[in-house]
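Note: the block below is structure_21.csv and it holds CSV, C-alpha atoms.
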```
chain,number,residue,atom,x,y,z
A,15,MET,CA,-78.1,86.8,-31.4
A,16,SER,CA,-75.0,88.8,-31.1
A,17,GLU,CA,-71.6,87.4,-29.9
A,18,LEU,CA,-71.8,86.0,-26.4
A,19,ARG,CA,-69.3,87.2,-23.8
A,20,PHE,CA,-68.1,84.8,-21.0
A,21,VAL,CA,-67.0,86.1,-17.6
A,22,HIS,CA,-65.3,83.7,-15.1
A,23,LEU,CA,-66.1,84.7,-11.6
A,24,GLY,CA,-64.1,82.0,-9.8
A,25,PHE,CA,-63.6,78.2,-9.4
A,26,GLY,CA,-62.1,75.8,-6.9
A,27,ALA,CA,-60.2,77.6,-4.2
A,28,ASP,CA,-61.6,80.9,-5.7
A,29,ALA,CA,-65.2,79.7,-5.7
A,30,VAL,CA,-67.6,82.6,-5.2
A,31,GLU,CA,-70.3,82.8,-2.5
A,32,TYR,CA,-73.8,82.6,-3.9
A,33,GLN,CA,-74.9,86.0,-2.5
A,34,GLU,CA,-71.9,87.7,-4.1
A,35,ALA,CA,-72.5,86.1,-7.4
A,36,TRP,CA,-76.2,87.0,-7.2
A,37,GLN,CA,-75.3,90.7,-6.6
A,38,GLU,CA,-73.0,90.5,-9.6
A,39,GLN,CA,-75.9,89.1,-11.7
A,40,ARG,CA,-78.0,92.1,-10.7
A,41,ARG,CA,-75.2,94.5,-11.8
A,42,VAL,CA,-74.7,92.8,-15.1
A,43,HIS,CA,-78.4,92.6,-15.7
A,44,ALA,CA,-78.8,96.3,-15.2
A,45,ALA,CA,-75.9,97.0,-17.6
A,46,ARG,CA,-77.3,94.7,-20.2
A,47,PHE,CA,-80.8,96.3,-20.0
A,48,ALA,CA,-79.1,99.6,-20.6
A,49,ASP,CA,-77.2,98.2,-23.6
A,50,GLU,CA,-73.9,99.1,-21.9
A,51,ILE,CA,-72.6,95.6,-22.4
A,52,PRO,CA,-73.3,92.7,-24.8
A,53,ASP,CA,-75.0,89.4,-23.9
A,54,THR,CA,-73.0,88.0,-21.0
A,55,CYS,CA,-72.7,84.6,-19.4
A,56,LEU,CA,-71.2,84.4,-15.9
A,57,MET,CA,-69.5,81.1,-15.2
A,58,VAL,CA,-68.8,80.1,-11.6
A,59,GLU,CA,-68.4,77.5,-8.9
A,60,HIS,CA,-70.0,78.1,-5.5
A,61,PRO,CA,-69.2,76.9,-2.0
A,62,ALA,CA,-72.0,74.6,-0.7
A,63,VAL,CA,-75.4,76.3,-0.5
A,64,TYR,CA,-79.1,75.5,-0.9
A,65,THR,CA,-81.2,77.9,-2.9
A,66,ALA,CA,-84.9,77.9,-3.1
A,67,GLY,CA,-87.0,79.3,-6.0
A,68,ARG,CA,-90.3,80.9,-5.6
A,69,ARG,CA,-92.4,77.7,-5.8
A,70,THR,CA,-90.4,75.8,-3.0
A,71,GLU,CA,-92.6,74.2,-0.3
A,72,ASP,CA,-91.6,73.8,3.3
A,73,SER,CA,-91.8,70.0,2.9
A,74,GLU,CA,-89.0,70.2,0.4
A,75,ARG,CA,-86.4,72.0,2.5
A,76,PRO,CA,-83.7,70.4,4.8
A,77,LEU,CA,-85.1,68.8,7.9
A,78,ASP,CA,-82.1,69.7,10.0
A,79,GLY,CA,-82.5,73.4,9.7
A,80,THR,CA,-79.6,74.0,7.2
A,81,PRO,CA,-79.9,77.6,6.0
A,82,VAL,CA,-81.5,78.1,2.6
A,83,VAL,CA,-81.1,81.2,0.4
A,84,ASP,CA,-84.5,82.2,-1.1
A,85,VAL,CA,-84.1,83.6,-4.6
A,86,ASP,CA,-86.2,85.2,-7.2
A,87,ARG,CA,-85.9,82.6,-9.9
A,88,GLY,CA,-88.4,80.1,-11.0
A,89,GLY,CA,-88.3,76.5,-10.0
A,90,LYS,CA,-87.9,75.0,-6.5
A,91,ILE,CA,-85.0,74.1,-4.2
A,92,THR,CA,-81.6,72.8,-5.3
A,93,TRP,CA,-78.0,72.7,-4.1
A,94,HIS,CA,-74.9,74.4,-5.5
A,95,GLY,CA,-71.4,73.5,-4.5
A,96,PRO,CA,-68.0,72.2,-5.3
A,97,GLY,CA,-67.8,70.0,-8.4
A,98,GLN,CA,-70.8,71.8,-10.0
A,99,LEU,CA,-70.4,74.2,-13.0
A,100,VAL,CA,-73.0,77.0,-12.7
A,101,GLY,CA,-73.8,79.4,-15.6
A,102,TYR,CA,-75.8,82.6,-15.5
A,103,PRO,CA,-76.6,83.7,-19.1
A,104,ILE,CA,-77.7,87.3,-19.0
A,105,LEU,CA,-79.3,87.9,-22.4
A,106,LYS,CA,-81.6,90.6,-23.8
A,107,LEU,CA,-84.4,88.8,-25.7
A,108,PRO,CA,-87.4,90.1,-27.7
A,109,ARG,CA,-90.4,91.0,-25.5
A,110,PRO,CA,-92.6,89.3,-24.4
A,111,VAL,CA,-89.9,86.8,-23.8
A,112,ASP,CA,-90.6,83.2,-24.8
A,113,VAL,CA,-89.3,81.7,-21.5
A,114,ILE,CA,-89.8,78.1,-22.6
A,115,ALA,CA,-87.8,78.6,-25.8
A,116,HIS,CA,-84.9,80.1,-23.7
A,117,VAL,CA,-84.9,77.1,-21.4
A,118,ARG,CA,-84.9,74.7,-24.4
A,119,ARG,CA,-81.9,76.5,-25.9
A,120,LEU,CA,-80.0,76.1,-22.6
A,121,GLU,CA,-81.0,72.4,-22.4
A,122,GLU,CA,-79.8,71.9,-26.0
A,123,ALA,CA,-76.4,73.4,-25.3
A,124,LEU,CA,-75.9,71.2,-22.3
A,125,ILE,CA,-77.1,68.0,-24.1
A,126,ARG,CA,-74.5,68.7,-26.8
A,127,ALA,CA,-71.8,69.2,-24.2
A,128,CYS,CA,-72.6,65.9,-22.5
A,129,ALA,CA,-72.6,64.2,-25.9
A,130,GLU,CA,-69.1,65.5,-26.5
A,131,PHE,CA,-68.0,63.6,-23.3
A,132,GLY,CA,-69.7,60.5,-24.6
A,133,LEU,CA,-72.9,60.7,-22.5
A,134,ALA,CA,-76.3,60.6,-24.0
A,135,THR,CA,-78.8,62.8,-22.2
A,136,THR,CA,-82.3,64.0,-23.0
A,137,ARG,CA,-85.2,66.1,-21.8
A,138,VAL,CA,-88.1,64.8,-19.8
A,139,GLU,CA,-91.6,66.1,-20.7
A,140,GLY,CA,-92.9,68.5,-18.0
A,141,ARG,CA,-89.5,68.7,-16.2
A,142,SER,CA,-86.9,71.2,-17.2
A,143,GLY,CA,-83.2,70.4,-17.2
A,144,VAL,CA,-81.0,67.6,-18.7
A,145,TRP,CA,-81.7,64.0,-17.7
A,146,VAL,CA,-80.3,60.5,-17.9
A,147,LEU,CA,-83.1,58.0,-18.3
A,148,GLY,CA,-83.2,55.0,-16.1
A,149,GLU,CA,-84.3,51.4,-16.4
A,150,ALA,CA,-86.3,50.0,-13.4
A,151,ARG,CA,-84.4,47.2,-11.6
A,152,GLU,CA,-85.6,45.2,-8.6
A,153,ARG,CA,-82.2,44.9,-6.8
A,154,THR,CA,-78.7,46.3,-7.3
A,155,GLU,CA,-75.5,46.5,-5.4
A,156,THR,CA,-72.8,49.2,-6.1
A,157,GLY,CA,-69.9,50.6,-4.1
A,158,GLY,CA,-70.7,48.5,-1.0
A,159,LEU,CA,-74.2,49.8,-0.7
A,160,GLN,CA,-76.8,47.1,-1.2
A,161,LEU,CA,-80.2,48.3,-2.2
A,162,ASP,CA,-83.2,46.0,-1.7
A,163,LEU,CA,-86.1,47.6,-3.6
A,164,ALA,CA,-88.6,44.7,-3.3
A,165,ALA,CA,-90.9,46.6,-1.0
A,166,PRO,CA,-93.1,49.1,-2.9
A,167,ARG,CA,-92.6,52.8,-2.0
A,168,PRO,CA,-95.5,55.0,-1.0
A,169,PRO,CA,-97.4,57.0,-3.6
A,170,VAL,CA,-95.3,59.8,-5.1
A,171,ASP,CA,-97.4,62.6,-3.3
A,172,GLU,CA,-96.7,60.9,0.1
A,173,PHE,CA,-93.1,59.8,-0.5
A,174,ASP,CA,-90.4,61.8,1.3
A,175,PRO,CA,-86.8,61.0,0.2
A,176,ARG,CA,-85.5,63.0,3.1
A,177,LEU,CA,-86.8,60.4,5.5
A,178,SER,CA,-86.4,57.2,3.6
A,179,GLY,CA,-82.7,56.3,4.0
A,180,PRO,CA,-80.1,55.5,1.3
A,181,GLU,CA,-82.4,53.1,-0.5
A,182,TYR,CA,-84.4,56.0,-1.8
A,183,ALA,CA,-82.0,58.9,-1.5
A,184,PRO,CA,-81.8,61.1,-4.6
A,185,SER,CA,-78.1,60.4,-4.9
A,186,ASN,CA,-78.7,56.7,-5.4
A,187,ALA,CA,-81.3,57.0,-8.2
A,188,GLY,CA,-78.8,55.5,-10.7
A,189,GLN,CA,-78.4,52.4,-8.6
A,190,ARG,CA,-82.2,52.1,-8.5
A,191,GLY,CA,-82.3,52.4,-12.3
A,192,GLU,CA,-84.5,55.6,-12.1
A,193,ASP,CA,-84.4,58.8,-14.1
A,194,ARG,CA,-81.8,61.2,-12.7
A,195,LYS,CA,-81.2,64.9,-13.3
A,196,LEU,CA,-77.7,65.9,-14.5
A,197,ALA,CA,-78.3,69.6,-15.0
A,198,ALA,CA,-80.9,71.8,-13.4
A,199,ILE,CA,-82.3,75.0,-14.9
A,200,GLY,CA,-84.0,77.9,-13.2
A,201,ILE,CA,-84.4,81.4,-14.6
A,202,ARG,CA,-85.9,84.8,-14.2
A,203,ILE,CA,-86.9,87.3,-16.8
A,204,ALA,CA,-86.9,91.0,-15.8
A,205,LYS,CA,-87.4,93.8,-18.4
A,206,GLY,CA,-86.7,91.4,-21.2
A,207,VAL,CA,-83.3,90.3,-19.8
A,208,THR,CA,-82.6,86.8,-18.4
A,209,MET,CA,-81.1,86.0,-15.1
A,210,HIS,CA,-80.0,82.9,-13.2
A,211,GLY,CA,-79.5,79.8,-15.4
A,212,PHE,CA,-78.1,76.3,-15.1
A,213,ALA,CA,-76.1,74.0,-12.9
A,214,LEU,CA,-74.3,71.1,-14.4
A,215,ASN,CA,-73.1,68.3,-12.0
A,216,CYS,CA,-69.5,67.4,-12.9
A,217,ASP,CA,-68.0,65.7,-9.9
A,218,PRO,CA,-69.9,66.9,-6.8
A,219,ASP,CA,-70.8,65.0,-3.7
A,220,ASN,CA,-74.4,64.3,-4.6
A,221,THR,CA,-75.3,63.3,-1.1
A,222,TRP,CA,-75.9,67.0,-0.5
A,223,PHE,CA,-79.1,66.5,-2.5
A,224,ASP,CA,-80.4,63.9,0.0
A,225,ARG,CA,-81.3,66.5,2.6
A,226,ILE,CA,-83.9,68.1,0.3
A,227,VAL,CA,-86.4,67.2,-2.3
A,228,PRO,CA,-84.4,68.3,-5.3
A,229,CYS,CA,-86.4,70.5,-7.6
A,230,GLY,CA,-89.5,69.2,-5.8
A,231,ILE,CA,-89.3,65.9,-7.7
A,232,ARG,CA,-89.9,62.9,-5.5
A,233,ASP,CA,-89.8,60.0,-8.1
A,234,ALA,CA,-86.4,60.6,-9.6
A,235,GLY,CA,-82.9,61.6,-8.4
A,236,VAL,CA,-79.6,63.3,-9.4
A,237,THR,CA,-76.4,62.3,-11.0
A,238,SER,CA,-73.2,63.7,-12.4
A,239,LEU,CA,-71.0,63.4,-15.5
A,240,SER,CA,-68.4,61.5,-13.3
A,241,ASN,CA,-71.0,59.1,-12.0
A,242,GLU,CA,-72.4,58.3,-15.4
A,243,LEU,CA,-69.1,58.0,-17.3
A,244,GLY,CA,-67.1,56.1,-14.6
A,245,ARG,CA,-64.3,58.6,-14.7
A,246,ARG,CA,-63.7,62.0,-13.1
A,247,ILE,CA,-64.9,65.0,-15.1
A,248,THR,CA,-63.9,68.2,-13.3
A,249,VAL,CA,-65.5,71.6,-13.6
A,250,GLY,CA,-62.3,72.8,-15.3
A,251,GLU,CA,-62.6,70.1,-17.9
A,252,ALA,CA,-66.3,70.8,-18.5
A,253,LEU,CA,-66.0,74.5,-18.7
A,254,PRO,CA,-64.6,75.0,-22.2
A,255,VAL,CA,-66.9,72.3,-23.6
A,256,VAL,CA,-70.0,73.9,-22.1
A,257,GLU,CA,-68.9,77.4,-23.3
A,258,LYS,CA,-68.4,76.1,-26.8
A,259,HIS,CA,-71.8,74.7,-27.1
A,260,LEU,CA,-73.5,77.6,-25.4
A,261,ARG,CA,-71.9,79.9,-27.9
A,262,GLU,CA,-72.9,77.7,-30.8
A,263,VAL,CA,-76.6,77.4,-29.7
A,264,LEU,CA,-77.1,80.9,-28.4
A,265,GLU,CA,-75.3,82.8,-31.1
A,266,ALA,CA,-77.0,80.9,-33.8
A,267,ALA,CA,-80.5,81.4,-32.3
A,268,GLU,CA,-83.0,83.9,-33.7
A,269,PRO,CA,-85.3,84.4,-30.7
A,270,LEU,CA,-88.8,85.5,-31.3
A,271,PRO,CA,-91.3,87.1,-29.0
A,272,ARG,CA,-93.7,84.8,-27.3
A,273,ALA,CA,-97.0,84.6,-29.2
A,274,VAL,CA,-99.8,86.4,-27.4
```

Using structure tokens, write down the structure that the file contains.
Amino acid sequence: MSELRFVHLGFGADAVEYQEAWQEQRRVHAARFADEIPDTCLMVEHPAVYTAGRRTEDSERPLDGTPVVDVDRGGKITWHGPGQLVGYPILKLPRPVDVIAHVRRLEEALIRACAEFGLATTRVEGRSGVWVLGEARERTETGGLQLDLAAPRPPVDEFDPRLSGPEYAPSNAGQRGEDRKLAAIGIRIAKGVTMHGFALNCDPDNTWFDRIVPCGIRDAGVTSLSNELGRRITVGEALPVVEKHLREVLEAAEPLPRAV
């Protein structure tokens, strides 16, 4: 691929509202399709917002009526907000686009970035994104919250983390020793050009995820670089590392059309 251009939309006190960034994505997407600009990755931090992909079910949305922005990407519902680094790679790829290969490249860049911070992450078969694998434990106590997991939870298709209290909240998956998602990926391809992208949890308040069923996954949770490493990793600290590895992976790639 050609050289990748990065554009910083805003972080911290200058965080950009989701709808505004979405409109900028559309503008950049049109310019990239017309070959007016090179491949471009928008980097941003958002004020707190829930966004729902096309496959989101009503049973995965907030119970308290918190507004949700319905978007045209793949995947299900997630949260964006302070402490989370969001990237929107807008790339022109050979058509028909190999969507899975594009997702794998984004995952690889984020896995390498996490490794640079000293955190081993991986993929989970059938689930996009970047994960920290857990080890099942019967009982744990962390940060003043004692979790008693002796009672079996309902079957996954019946389990609702929104109703089950802190013992089974997505933000406490690490204390339970379960798998937890560190970075979510949801994309859209239009006219051979990618939109949307990834969200890497640096140091957010992960209890925002407890109001929803994150990504529609009921048997795992969420985490952050700060939670896993035991020290604060800010969006500003993660930004250059993530950009470096995105550049390395995406510029070295030779994308092929999807086999038909």

Pick out the residues sitting within 10 Å of A:Leu214, and hand them over as a CSV table (one decimal) with C-alpha atoms, in the coordinates of the input; count only C-alpha atoms, and ignore anything fewer than 5 positions along from it in its own chain.
```csv
chain,number,residue,atom,x,y,z
A,94,HIS,CA,-74.9,74.4,-5.5
A,97,GLY,CA,-67.8,70.0,-8.4
A,98,GLN,CA,-70.8,71.8,-10.0
A,99,LEU,CA,-70.4,74.2,-13.0
A,100,VAL,CA,-73.0,77.0,-12.7
A,101,GLY,CA,-73.8,79.4,-15.6
A,124,LEU,CA,-75.9,71.2,-22.3
A,128,CYS,CA,-72.6,65.9,-22.5
A,143,GLY,CA,-83.2,70.4,-17.2
A,144,VAL,CA,-81.0,67.6,-18.7
A,195,LYS,CA,-81.2,64.9,-13.3
A,196,LEU,CA,-77.7,65.9,-14.5
A,197,ALA,CA,-78.3,69.6,-15.0
A,198,ALA,CA,-80.9,71.8,-13.4
A,199,ILE,CA,-82.3,75.0,-14.9
A,237,THR,CA,-76.4,62.3,-11.0
A,238,SER,CA,-73.2,63.7,-12.4
A,239,LEU,CA,-71.0,63.4,-15.5
A,249,VAL,CA,-65.5,71.6,-13.6
A,252,ALA,CA,-66.3,70.8,-18.5
A,253,LEU,CA,-66.0,74.5,-18.7
A,256,VAL,CA,-70.0,73.9,-22.1
```

**Request:** Would you please work out which residue, of A:Arg87, A:Arg19, A:Arg69, A:Arg109, is nearest to A:Met209 when using all atoms listed in the file?
**Result:**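 Nearest candidate to A:Met209 out of A:Arg87, A:Arg19, A:Arg69, A:Arg109: A:Arg87.
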
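Between A:Glu262 and the residues A:Glu122, A:Asp49, A:Glu130, A:Asp28, the shortest atom-to-atom distance, using only C-alpha atoms, involves A:Glu122.
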
Do you know which residues are at most 9 Å from A:Glu257 counting all atoms listed in the file, after dropping those on the same chain fewer than 3 positions away, and could you put them as a PDB file with C-alpha atoms, keeping the file's coordinate frame?
```pdb
ATOM      1  CA  PHE A  20     -68.100  84.800 -21.000  1.00  0.00           C
ATOM      2  CA  MET A  57     -69.500  81.100 -15.200  1.00  0.00           C
ATOM      3  CA  ALA A 123     -76.400  73.400 -25.300  1.00  0.00           C
ATOM      4  CA  ALA A 127     -71.800  69.200 -24.200  1.00  0.00           C
ATOM      5  CA  ALA A 252     -66.300  70.800 -18.500  1.00  0.00           C
ATOM      6  CA  LEU A 253     -66.000  74.500 -18.700  1.00  0.00           C
ATOM      7  CA  PRO A 254     -64.600  75.000 -22.200  1.00  0.00           C
ATOM      8  CA  LEU A 260     -73.500  77.600 -25.400  1.00  0.00           C
ATOM      9  CA  ARG A 261     -71.900  79.900 -27.900  1.00  0.00           C
ATOM     10  CA  GLU A 262     -72.900  77.700 -30.800  1.00  0.00           C
TER      11      GLU A 262
END
```

Within 12 Å of stretch 173-194 of chain A: each stretch 35-135 of chain A residue with its shortest pair, all atoms listed in the file, as a tab-separated table:
```
residue	atom	partner	partner_atom	distance
A:Ser73	CA	A:Asp174	CA	8.5
A:Glu74	CA	A:Arg176	CA	8.4
A:Arg75	CA	A:Arg176	CA	9.1
A:Pro76	CA	A:Arg176	CA	7.8
A:Leu77	CA	A:Arg176	CA	7.5
A:Asp78	CA	A:Arg176	CA	10.2
A:Thr92	CA	A:Pro184	CA	11.7
A:Thr135	CA	A:Arg194	CA	10.1
```

Take the residues that were just selected and, keeping C-alpha atoms, output them as a compact mmCIF listing (two decimals), in the frame of the given file.
```txt
# COMPACT_ATOMS: atom_id res chain seq x y z
CA SER A 73 -91.80 70.00 2.90
CA GLU A 74 -89.00 70.20 0.40
CA ARG A 75 -86.40 72.00 2.50
CA PRO A 76 -83.70 70.40 4.80
CA LEU A 77 -85.10 68.80 7.90
CA ASP A 78 -82.10 69.70 10.00
CA THR A 92 -81.60 72.80 -5.30
CA THR A 135 -78.80 62.80 -22.20
```

**Best match for closeness to A:Gly89 among A:Leu23, A:Gln39, A:Asp53, A:Phe212, counting all atoms listed in the file** =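 Checking each candidate against A:Gly89, we get A:Phe212 as the closest.
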
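Atom pair atom CA of A:Asp233 / atom CA of A:Val113 has a distance of 25.5 Å (rounded to one decimal).
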
**Item:** Residue neighbourhood A:Ile125, 9 Å, only C-alpha atoms, exclusion window fewer than 6 positions, as a list in words
**Value:**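 The residues that qualify are Leu133, Ala134, Thr135, Thr136, Arg137, Val144 and Trp145 of chain A.
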
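A straight line drawn from atom CA of A:Glu50 to atom CA of A:Val274 is 29.4 Å long.
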
**Message:** Give me the residues near A:Glu34 as an MDAnalysis selection string, where near means some atom within 12 Å (using only C-alpha atoms) and where sequence neighbours in that chain fewer than 4 positions away do not count.
**Reply:** chainID A and resid 23:24 29:30 38:41 58:61

**Item:** Nearest candidate to A:Ala267 (options A:Leu18, A:Ala234, A:Ile203, A:Leu147; using all atoms listed in the file)
**Value:** A:Leu18

**Request:** Just give me the gap between atom CA of A:Asp224 and atom CA of A:Glu139 in Å, one decimal is fine.
**Result:**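 Between atom CA of A:Asp224 and atom CA of A:Glu139 the gap works out to 23.6 Å.
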